[in-house]
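Visitor: Got my_file-v9.cif for you, mmCIF, C-alpha atoms:
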```cif
data_coords
loop_
_atom_site.label_atom_id
_atom_site.label_comp_id
_atom_site.auth_asym_id
_atom_site.auth_seq_id
_atom_site.Cartn_x
_atom_site.Cartn_y
_atom_site.Cartn_z
CA MET A 7 0.00 0.00 0.00
CA ASN A 8 1.45 3.38 -0.91
CA ARG A 9 1.53 6.27 1.51
CA THR A 10 -1.42 8.17 0.01
CA ALA A 11 -3.67 5.12 0.15
CA PHE A 12 -2.67 4.47 3.76
CA VAL A 13 -3.41 8.07 4.76
CA SER A 14 -6.76 7.95 2.95
CA ALA A 15 -7.70 4.75 4.75
CA LEU A 16 -6.69 6.25 8.09
CA VAL A 17 -8.75 9.40 7.50
CA ALA A 18 -11.77 7.33 6.41
CA ALA A 19 -11.48 5.16 9.51
CA PHE A 20 -11.23 8.25 11.69
CA PHE A 21 -14.35 9.76 10.10
CA LEU A 22 -16.32 6.55 10.53
CA THR A 23 -15.24 6.26 14.15
CA THR A 24 -16.15 9.85 14.98
CA ILE A 25 -19.55 9.48 13.31
CA ALA A 26 -20.20 6.29 15.28
CA VAL A 27 -19.15 7.99 18.51
CA ALA A 28 -21.36 10.99 17.76
CA GLN A 29 -24.39 8.78 17.12
CA ASN A 30 -23.95 6.95 20.41
CA MET A 31 -23.56 9.99 22.62
CA PRO A 32 -25.60 9.69 25.78
CA GLY A 33 -28.79 11.67 26.25
CA ARG A 34 -32.43 11.10 25.60
CA LYS A 35 -33.30 11.03 21.93
CA LEU A 36 -35.89 13.55 20.86
CA PRO A 37 -38.65 12.63 18.43
CA SER A 38 -38.31 13.64 14.81
CA VAL A 39 -40.74 13.72 11.93
CA THR A 40 -39.29 14.59 8.54
CA MET A 41 -40.77 15.05 5.12
CA SER A 42 -39.17 13.63 1.98
CA PRO A 43 -38.74 16.28 -0.71
CA ALA A 44 -41.88 16.12 -2.83
CA PRO A 45 -41.31 15.70 -6.57
CA LEU A 46 -42.82 18.33 -8.85
CA THR A 47 -46.41 17.39 -9.70
CA THR A 48 -47.94 18.52 -12.97
CA ILE A 49 -51.63 19.38 -12.95
CA ILE A 50 -53.81 20.62 -15.80
CA GLN A 51 -55.64 23.94 -15.52
CA GLY A 52 -59.17 23.43 -14.26
CA LYS A 53 -58.62 19.76 -13.45
CA PRO A 54 -57.98 18.23 -10.04
CA GLY A 55 -54.70 16.50 -9.32
CA THR A 56 -53.23 14.66 -6.35
CA VAL A 57 -49.95 15.41 -4.60
CA GLU A 58 -48.49 12.73 -2.34
CA LEU A 59 -46.42 13.78 0.65
CA HIS A 60 -44.19 11.24 2.37
CA PHE A 61 -43.21 11.53 6.02
CA ARG A 62 -40.92 9.53 8.24
CA ILE A 63 -41.08 9.23 12.05
CA GLY A 64 -37.88 8.57 13.97
CA SER A 65 -37.52 5.01 15.23
CA GLY A 66 -38.85 4.36 18.72
CA PHE A 67 -41.51 7.06 18.43
CA HIS A 68 -45.12 7.18 17.32
CA ILE A 69 -47.53 10.01 16.65
CA ASN A 70 -51.32 10.03 16.87
CA SER A 71 -53.13 9.30 13.63
CA ASN A 72 -55.54 11.86 12.16
CA THR A 73 -58.34 10.08 14.01
CA PRO A 74 -57.07 9.22 17.51
CA LYS A 75 -59.34 7.18 19.72
CA ALA A 76 -59.87 9.87 22.36
CA GLU A 77 -60.85 13.49 21.91
CA TYR A 78 -58.13 14.74 24.26
CA LEU A 79 -55.39 13.27 22.06
CA ILE A 80 -53.90 15.62 19.47
CA PRO A 81 -54.50 14.40 15.90
CA THR A 82 -51.89 14.65 13.19
CA ALA A 83 -53.17 17.34 10.83
CA LEU A 84 -51.83 19.15 7.78
CA LYS A 85 -52.72 22.78 7.15
CA LEU A 86 -51.82 24.33 3.82
CA ASP A 87 -51.93 27.81 2.34
CA ALA A 88 -52.84 27.67 -1.32
CA PRO A 89 -51.74 30.20 -3.94
CA THR A 90 -54.48 32.43 -5.36
CA ASP A 91 -56.94 30.65 -7.68
CA ILE A 92 -55.76 27.21 -6.64
CA VAL A 93 -57.97 25.27 -4.28
CA VAL A 94 -56.63 22.75 -1.79
CA GLY A 95 -59.25 20.02 -1.61
CA LYS A 96 -59.49 16.96 0.56
CA ILE A 97 -56.41 15.84 2.43
CA THR A 98 -56.45 12.06 2.76
CA TYR A 99 -54.74 10.59 5.81
CA PRO A 100 -53.85 6.94 6.09
CA PRO A 101 -55.74 4.92 8.70
CA GLY A 102 -53.88 4.68 11.98
CA GLU A 103 -52.33 1.49 13.18
CA ASP A 104 -54.08 0.17 16.29
CA ALA A 105 -51.26 -0.37 18.73
CA SER A 106 -50.89 -0.87 22.46
CA PHE A 107 -47.88 0.28 24.43
CA PRO A 108 -46.21 -0.83 27.66
CA PHE A 109 -47.70 2.13 29.52
CA ALA A 110 -51.24 0.94 28.67
CA PRO A 111 -51.13 -2.67 27.49
CA ASP A 112 -54.92 -3.05 27.55
CA GLU A 113 -55.61 0.08 25.53
CA LYS A 114 -55.36 0.46 21.77
CA LEU A 115 -54.20 3.76 20.33
CA SER A 116 -54.49 4.80 16.69
CA VAL A 117 -51.00 5.87 15.68
CA TYR A 118 -48.55 6.32 12.85
CA SER A 119 -45.02 5.01 13.15
CA GLY A 120 -42.24 4.55 10.60
CA GLU A 121 -43.41 6.05 7.31
CA PHE A 122 -46.76 7.42 6.24
CA THR A 123 -48.14 9.24 3.20
CA LEU A 124 -50.73 11.99 2.89
CA SER A 125 -52.58 12.76 -0.35
CA VAL A 126 -53.56 16.33 -1.11
CA LEU A 127 -56.16 17.10 -3.75
CA VAL A 128 -55.25 20.26 -5.67
CA ARG A 129 -57.63 21.94 -8.09
CA PRO A 130 -56.37 24.92 -10.08
CA LEU A 131 -59.12 27.13 -11.45
CA HIS A 132 -59.46 27.60 -15.22
CA ASN A 133 -57.98 31.10 -15.09
CA VAL A 134 -54.71 30.16 -13.34
CA VAL A 135 -51.67 31.27 -15.33
CA PRO A 136 -49.63 28.18 -16.28
CA SER A 137 -46.54 28.22 -14.11
CA LYS A 138 -44.97 26.60 -11.06
CA TYR A 139 -46.67 27.32 -7.74
CA MET A 140 -45.30 26.73 -4.25
CA PHE A 141 -47.58 25.43 -1.50
CA ARG A 142 -46.55 25.93 2.11
CA GLY A 143 -48.05 24.73 5.34
CA GLN A 144 -47.45 22.85 8.55
CA LEU A 145 -47.95 19.35 9.80
CA LYS A 146 -49.04 19.40 13.43
CA TYR A 147 -48.19 16.27 15.36
CA GLN A 148 -47.62 15.09 18.89
CA ALA A 149 -45.14 12.31 19.49
CA CYS A 150 -44.63 9.79 22.27
CA ASP A 151 -42.30 6.92 22.95
CA ASN A 152 -42.93 3.95 25.21
CA ALA A 153 -42.76 5.96 28.43
CA ALA A 154 -43.14 9.66 27.73
CA CYS A 155 -44.86 12.17 25.47
CA TYR A 156 -43.47 15.29 23.87
CA PRO A 157 -45.20 18.63 23.37
CA PRO A 158 -47.02 19.12 20.05
CA LYS A 159 -44.83 20.32 17.22
CA GLN A 160 -45.32 21.81 13.78
CA LEU A 161 -43.26 20.60 10.86
CA PRO A 162 -42.95 23.05 7.95
CA VAL A 163 -44.23 21.47 4.75
CA GLU A 164 -43.72 22.70 1.21
CA PHE A 165 -44.17 21.34 -2.26
CA GLU A 166 -44.37 22.65 -5.79
CA VAL A 167 -47.02 22.10 -8.41
CA LYS A 168 -46.69 22.86 -12.12
CA ILE A 169 -49.91 24.02 -13.72
CA VAL A 170 -50.08 23.47 -17.43
CA LYS A 171 -52.59 24.54 -20.09
CA ALA A 172 -55.39 22.19 -20.83
CA PRO A 173 -54.79 20.53 -24.20
CA PRO A 174 -57.01 21.95 -26.94
CA PRO A 175 -60.19 19.96 -27.44
CA PRO A 176 -59.94 17.51 -30.33
CA LYS A 177 -61.11 19.04 -33.59
CA LYS A 178 -64.25 17.55 -34.95
CA ASN A 179 -64.17 16.85 -38.67
CA PRO A 180 -66.91 18.77 -40.42
CA PRO A 181 -69.62 16.49 -41.65
CA GLN A 182 -68.88 15.57 -45.23
CA SER A 183 -71.44 15.79 -47.92
CA PRO A 184 -72.19 12.48 -49.52
CA HIS A 185 -71.90 14.33 -52.82
CA ALA A 186 -68.39 15.67 -52.17
CA HIS A 187 -66.58 13.03 -54.17
CA ARG A 188 -68.02 12.50 -57.53
CA MET B 1 1.21 22.67 -5.57
CA LYS B 2 1.89 19.31 -3.91
CA ARG B 3 0.25 18.86 -0.49
CA ASP B 4 1.69 16.61 2.19
CA PRO B 5 -0.85 13.81 2.89
CA VAL B 6 -0.01 13.94 6.61
CA VAL B 7 -1.01 17.62 6.74
CA LEU B 8 -4.20 16.76 4.89
CA MET B 9 -4.88 13.99 7.41
CA VAL B 10 -4.38 16.32 10.36
CA VAL B 11 -6.67 18.93 8.78
CA ALA B 12 -9.29 16.25 8.16
CA MET B 13 -9.09 15.08 11.77
CA VAL B 14 -9.39 18.63 13.10
CA VAL B 15 -12.43 19.22 10.89
CA SER B 16 -14.06 16.00 12.03
CA LEU B 17 -13.35 16.81 15.66
CA MET B 18 -15.05 20.17 15.12
CA LEU B 19 -18.02 18.37 13.56
CA VAL B 20 -18.28 16.00 16.51
CA PHE B 21 -17.99 18.91 18.94
CA GLY B 22 -20.67 20.84 17.05
CA PHE B 23 -22.94 17.78 17.03
CA HIS B 24 -22.36 17.26 20.73
CA MET B 25 -23.14 20.90 21.52
CA ALA B 26 -26.32 20.70 19.45
CA ARG B 27 -27.37 17.58 21.38
CA LYS B 28 -26.42 19.30 24.59
CA SER B 29 -28.51 22.34 23.76
CA ASP B 30 -31.47 20.03 22.98
CA GLY B 31 -30.99 18.40 26.34
CA GLN B 32 -30.09 21.62 28.11
CA ALA B 33 -33.35 21.61 29.99
CA ALA B 34 -32.84 18.10 31.25
CA ALA B 35 -29.33 18.99 32.35
CA SER B 36 -30.43 22.05 34.28
CA VAL B 37 -33.25 20.04 35.86
CA GLY B 38 -30.57 17.72 37.17
CA ASP B 39 -28.97 20.72 38.79
CA LEU B 40 -32.12 21.29 40.86
CA LYS B 41 -31.59 18.09 42.85
CA GLY B 42 -30.71 19.03 46.43
CA LYS B 43 -31.60 22.68 45.78
CA PRO B 44 -34.68 24.62 46.82
CA ALA B 45 -37.59 23.98 44.45
CA PRO B 46 -38.37 27.21 42.57
CA ASP B 47 -41.44 28.83 44.08
CA PHE B 48 -44.29 29.76 41.78
CA THR B 49 -47.77 31.19 41.74
CA LEU B 50 -50.24 29.42 39.50
CA GLN B 51 -53.98 29.40 39.12
CA SER B 52 -55.87 26.32 40.19
CA LEU B 53 -58.85 24.96 38.29
CA ASP B 54 -61.19 26.72 40.72
CA GLY B 55 -59.49 30.05 40.06
CA LYS B 56 -57.42 30.33 43.24
CA SER B 57 -53.80 31.49 43.24
CA VAL B 58 -51.63 28.70 44.58
CA HIS B 59 -47.98 29.09 45.61
CA LEU B 60 -45.63 26.16 46.03
CA SER B 61 -44.64 27.69 49.35
CA ASP B 62 -48.23 27.14 50.54
CA PHE B 63 -47.24 23.49 50.96
CA ARG B 64 -44.14 24.14 53.05
CA GLY B 65 -43.98 21.54 55.81
CA LYS B 66 -45.32 18.84 53.49
CA ALA B 67 -43.51 16.53 51.11
CA VAL B 68 -44.66 17.54 47.64
CA LEU B 69 -44.93 15.35 44.56
CA LEU B 70 -44.97 17.92 41.74
CA ASN B 71 -46.21 16.29 38.54
CA PHE B 72 -46.05 17.99 35.13
CA TRP B 73 -48.61 16.40 32.86
CA ALA B 74 -51.04 17.11 29.99
CA THR B 75 -54.36 15.76 28.82
CA TRP B 76 -52.76 14.60 25.55
CA CYS B 77 -50.16 12.53 27.40
CA GLU B 78 -51.26 8.90 27.66
CA PRO B 79 -48.52 7.83 30.10
CA CYS B 80 -49.57 10.73 32.39
CA LYS B 81 -53.11 9.35 32.38
CA ILE B 82 -51.81 6.01 33.65
CA GLU B 83 -50.17 7.65 36.67
CA MET B 84 -53.14 9.69 37.79
CA PRO B 85 -55.13 6.90 39.51
CA TRP B 86 -51.92 5.93 41.32
CA PHE B 87 -51.48 9.50 42.50
CA VAL B 88 -55.08 9.49 43.73
CA GLU B 89 -54.36 6.36 45.79
CA LEU B 90 -51.02 7.69 47.06
CA GLN B 91 -52.63 10.98 48.10
CA LYS B 92 -55.22 9.03 50.12
CA GLN B 93 -52.61 6.72 51.63
CA TYR B 94 -49.80 9.14 52.39
CA GLY B 95 -51.72 12.41 52.72
CA PRO B 96 -52.13 11.91 56.48
CA GLU B 97 -48.35 11.45 56.74
CA GLY B 98 -47.73 14.81 55.07
CA LEU B 99 -47.72 14.10 51.32
CA GLN B 100 -49.20 16.67 48.99
CA ILE B 101 -49.49 15.80 45.32
CA VAL B 102 -49.74 18.79 42.97
CA GLY B 103 -50.36 18.49 39.24
CA ILE B 104 -49.24 21.17 36.79
CA SER B 105 -50.98 20.95 33.43
CA ALA B 106 -48.86 21.66 30.36
CA ASP B 107 -51.90 22.01 28.14
CA GLU B 108 -52.18 25.17 26.10
CA GLY B 109 -53.53 28.23 27.88
CA ASP B 110 -57.06 28.19 26.51
CA SER B 111 -57.85 24.65 27.58
CA LYS B 112 -58.88 25.17 31.22
CA ASP B 113 -62.29 23.58 30.71
CA GLY B 114 -60.77 20.56 28.97
CA VAL B 115 -58.24 20.10 31.78
CA SER B 116 -60.97 20.50 34.38
CA GLU B 117 -63.21 17.92 32.73
CA PHE B 118 -60.32 15.50 32.30
CA ALA B 119 -59.28 15.82 35.95
CA HIS B 120 -62.87 15.39 37.08
CA ASN B 121 -63.26 12.23 34.98
CA MET B 122 -60.04 10.84 36.42
CA GLY B 123 -61.32 11.44 39.95
CA VAL B 124 -58.30 13.58 40.84
CA ASN B 125 -58.23 14.39 44.58
CA TYR B 126 -55.25 16.77 44.54
CA PRO B 127 -54.86 20.33 43.19
CA ILE B 128 -54.33 20.76 39.48
CA LEU B 129 -52.68 24.02 38.46
CA LEU B 130 -52.59 25.61 35.03
CA GLY B 131 -48.96 25.70 33.90
CA LYS B 132 -47.11 28.76 32.65
CA GLU B 133 -44.00 28.83 30.51
CA ALA B 134 -42.03 30.70 33.19
CA VAL B 135 -42.69 27.93 35.71
CA VAL B 136 -41.85 25.22 33.20
CA ASP B 137 -38.59 27.07 32.45
CA ALA B 138 -37.81 27.41 36.17
CA TYR B 139 -38.02 23.62 36.41
CA GLY B 140 -35.63 23.16 33.51
CA GLY B 141 -38.02 23.44 30.56
CA VAL B 142 -39.93 20.21 30.80
CA GLN B 143 -39.32 18.59 27.41
CA PHE B 144 -41.33 15.46 27.91
CA LEU B 145 -44.20 14.35 30.06
CA PRO B 146 -44.75 13.08 32.62
CA THR B 147 -41.98 14.74 34.60
CA THR B 148 -42.20 14.50 38.37
CA PHE B 149 -40.28 16.30 41.10
CA TYR B 150 -40.15 15.05 44.67
CA ILE B 151 -39.76 17.90 47.13
CA ASP B 152 -39.18 17.48 50.85
CA ARG B 153 -40.92 19.32 53.70
CA ASN B 154 -38.23 21.99 53.64
CA GLY B 155 -38.84 22.75 49.96
CA LYS B 156 -35.73 21.01 48.61
CA VAL B 157 -35.81 18.88 45.47
CA VAL B 158 -35.08 15.32 46.54
CA ASP B 159 -35.44 13.70 43.15
CA ARG B 160 -36.89 14.16 39.68
CA VAL B 161 -38.17 11.47 37.36
CA PHE B 162 -38.72 11.67 33.61
CA GLY B 163 -41.33 9.53 31.89
CA LEU B 164 -43.66 6.93 33.28
CA LYS B 165 -42.42 4.72 36.09
CA GLY B 166 -44.14 1.86 37.85
CA LYS B 167 -46.43 2.52 40.79
CA GLY B 168 -43.96 0.78 43.10
CA GLU B 169 -41.13 3.10 42.06
CA ILE B 170 -43.33 6.16 42.54
CA GLU B 171 -44.34 4.93 45.99
CA ASP B 172 -40.68 4.35 46.89
CA ASP B 173 -39.86 7.92 45.84
CA VAL B 174 -42.77 9.23 47.90
CA LYS B 175 -41.53 7.32 50.96
CA LYS B 176 -38.03 8.65 50.31
CA ALA B 177 -39.30 12.25 50.15
CA LEU B 178 -41.24 11.78 53.39
CA ALA B 179 -38.29 10.07 55.09
CA GLU B 180 -35.81 12.66 53.80
CA SER B 181 -37.88 15.35 55.43
CA GLN B 182 -37.86 13.47 58.74
CA VAL B 183 -34.10 12.96 58.55
CA GLN B 184 -33.57 16.67 57.96
CA ALA B 185 -35.98 17.57 60.76
CA GLN B 186 -33.98 15.43 63.20
CA LYS B 187 -30.70 17.15 62.27
#
```
Take the structure from the file and write it as structure tokens.
Guide:
Amino acid sequence: MNRTAFVSALVAAFFLTTIAVAQNMPGRKLPSVTMSPAPLTTIIQGKPGTVELHFRIGSGFHINSNTPKAEYLIPTALKLDAPTDIVVGKITYPPGEDASFPFAPDEKLSVYSGEFTLSVLVRPLHNVVPSKYMFRGQLKYQACDNAACYPPKQLPVEFEVKIVKAPPPPKKNPPQSPHAHR
Amino acid sequence: MKRDPVVLMVVAMVVSLMLVFGFHMARKSDGQAAASVGDLKGKPAPDFTLQSLDGKSVHLSDFRGKAVLLNFWATWCEPCKIEMPWFVELQKQYGPEGLQIVGISADEGDSKDGVSEFAHNMGVNYPILLGKEAVVDAYGGVQFLPTTFYIDRNGKVVDRVFGLKGKGEIEDDVKKALAESQVQAQK
């Protein structure tokens, strides 16, 4: 092994070690919910389209579903601000997973854990100028682990939609006279 | 220009050490509250004035002479809900010996009625106070619930517990707080 290769290997080993040490530092882990960057969705003027948003919950944590089993539990809910002349329609939440936890083994809670996806119906009006439009909002959630709960948080959410012109209606051929070809 | 690989290695190590330090500081700042809570152990519990569900102003110092179990909780916290019936039993059992359980709700400010209804449904037999950010901060910025402080008759923090523990452990801590007070009284 030449000197450069040896030094490179040493540096790589050092980086890997420091990363491993950093990840195992003591201290209680805090819950995290993150959103995957949403790909650009193309929607036709005047027609509804669906945007899918993917979220991931840190391992060891769960959050209430959109329909928790008790009214005092805080549901996961997305609020969006739509650009002018674009309507945000129904937001579809996945059903929660019925799960029981060590703190209440006899009770089932409706929760999300791991990954979950929300669908947002977007309907641009006919008069929207074809262009890209940014949607911004917040996902409100409240996380717990097996022994403790964390105050509600709001995750900033954003995604972009490209509005394109509706294709021209297909041209109808004018009715031909039966006497046209003689 | 030819760079010496050893110099590059040293630079890389320094950079990675800085990254680790930065990461550690970020973690530390996230857990700052928990760390400062730890500092309260053995120190006087910060006094506060909070409103009870029936509209009275309650000070922690009102309970001086009693061992206080100070429980931060919220209606949206399922593990907190599990503890409440235990607290009701412990208040009945150890109240005559000088235990006072006090709940501080971490629900948002406009939810007094919801807290009141929840406490009523749980049959709570101890005062529930409506939390304020300043009080939460004074106790180290409670980052997760339930968080419970055990305070002796002289107003000193004997112990603090994060998250749900078993009833037996809570009872042991209550006995410890009551005993600690007696030990200090004998000194």
Visitor: Counting only C-alpha atoms, which of A:Ser106, A:Ser137, A:Gln148, A:Thr98 gets nearest to Thr48 of chain A?
Guide: A:Ser137
Visitor: How many Å lie between atom CA of Arg129 of chain A and atom CA of Pro101 of chain A, rounded to one decimal?
Guide: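 Here the two named atoms are 24.0 Å from each other.
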Visitor: Just the number, please: distance in Å from atom CA of Lys85 of chain A to atom CA of Arg142 of chain A, one decimal.
Guide: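 The value is 8.6 Å.
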Visitor: If you count all atoms listed in the file, which residues fall within 7 Å of Asp159 of chain B, apart from same-chain ones fewer than 6 positions away, as an MDAnalysis selection string?
Guide: chainID B and resid 41 149:150
Visitor: To one decimal place, how far is atom CA of Gly140 of chain B from atom CA of Val157 of chain B in Å?
Guide: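 Rounded to one decimal, the two atoms are 12.7 Å apart.
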Visitor: Please expand the PyMOL selection byres ((chain B and resi 78-87) around 6) into the concrete residues it hits in this file, giving the result as a PyMOL selection string.
Guide: (chain A and resi 109) or (chain B and resi 73+77+88-91+146+164)
Visitor: Please, could you write that set of residues out with C-alpha atoms as an mmCIF file, in the frame of the given file?
Guide:
```
data_model
loop_
_atom_site.group_PDB
_atom_site.id
_atom_site.type_symbol
_atom_site.label_atom_id
_atom_site.label_comp_id
_atom_site.auth_asym_id
_atom_site.auth_seq_id
_atom_site.Cartn_x
_atom_site.Cartn_y
_atom_site.Cartn_z
ATOM 1 C CA PHE A 109 -47.700 2.130 29.520
ATOM 2 C CA TRP B 73 -48.610 16.400 32.860
ATOM 3 C CA CYS B 77 -50.160 12.530 27.400
ATOM 4 C CA VAL B 88 -55.080 9.490 43.730
ATOM 5 C CA GLU B 89 -54.360 6.360 45.790
ATOM 6 C CA LEU B 90 -51.020 7.690 47.060
ATOM 7 C CA GLN B 91 -52.630 10.980 48.100
ATOM 8 C CA PRO B 146 -44.750 13.080 32.620
ATOM 9 C CA LEU B 164 -43.660 6.930 33.280
#
```
Visitor: I'd like the contact shell of Glu171 of chain B - 10 Å cut-off, only C-alpha atoms, skipping same-chain residues fewer than 3 positions apart - returned as an MDAnalysis selection string.
Guide: chainID B and resid 86:87 90 94 166:168 174:177
Visitor: Find the residues near segment 125-138 of chain B: any atom within 10 Å, counting all atoms listed in the file, skip ones fewer than 3 places away on the same chain, and give them as an MDAnalysis selection string.
Guide: chainID B and resid 33 36:37 40 45:59 71:74 84:85 87:89 91:92 95 100:112 115:116 119:120 122 141:143
Visitor: Starting from the displayed file, determine the output of the PyMOL selection byres ((chain A and resi 139) around 9) and express the residue list as an NGL selection string.
Guide: :A and (88-89 or 137-138 or 140-141 or 165-169)
Visitor: Quick one: residues within 10 Å of Glu113 of chain A, all atoms listed in the file counted, chain neighbours fewer than 5 positions away excluded, as a VMD selection string?
Guide: chain A and resid 75 104 to 108
Visitor: Counting all atoms listed in the file, which residues come within 12 Å of (-34.3, 16.7, 7.7), with the point read in the file's coordinates, and could you list them as a ChimeraX atom specification?
Guide: /A:38-43,61-64,161-163
Visitor: Residues within 9 Å of Asn72 of chain A, please, as a PyMOL selection string. Count all atoms listed in the file; anything in the same chain fewer than 4 positions from it doesn't count.
Guide: chain A and resi 80-83+99-102+116-118
Visitor: Nearest to chain A: which of B:Pro96, B:Gly114, B:Gly155, B:Gly163 is it, counting all atoms listed in the file?
Guide: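 Nearest candidate to chain A out of B:Pro96, B:Gly114, B:Gly155, B:Gly163: B:Gly163.
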Visitor: Need the neighbours of (-39.4, 10.2, 34.3): which residues are at most 9 Å away, counting all atoms listed in the file, as number ranges by chain?
Guide: A: 153-154; B: 144-148, 160-165
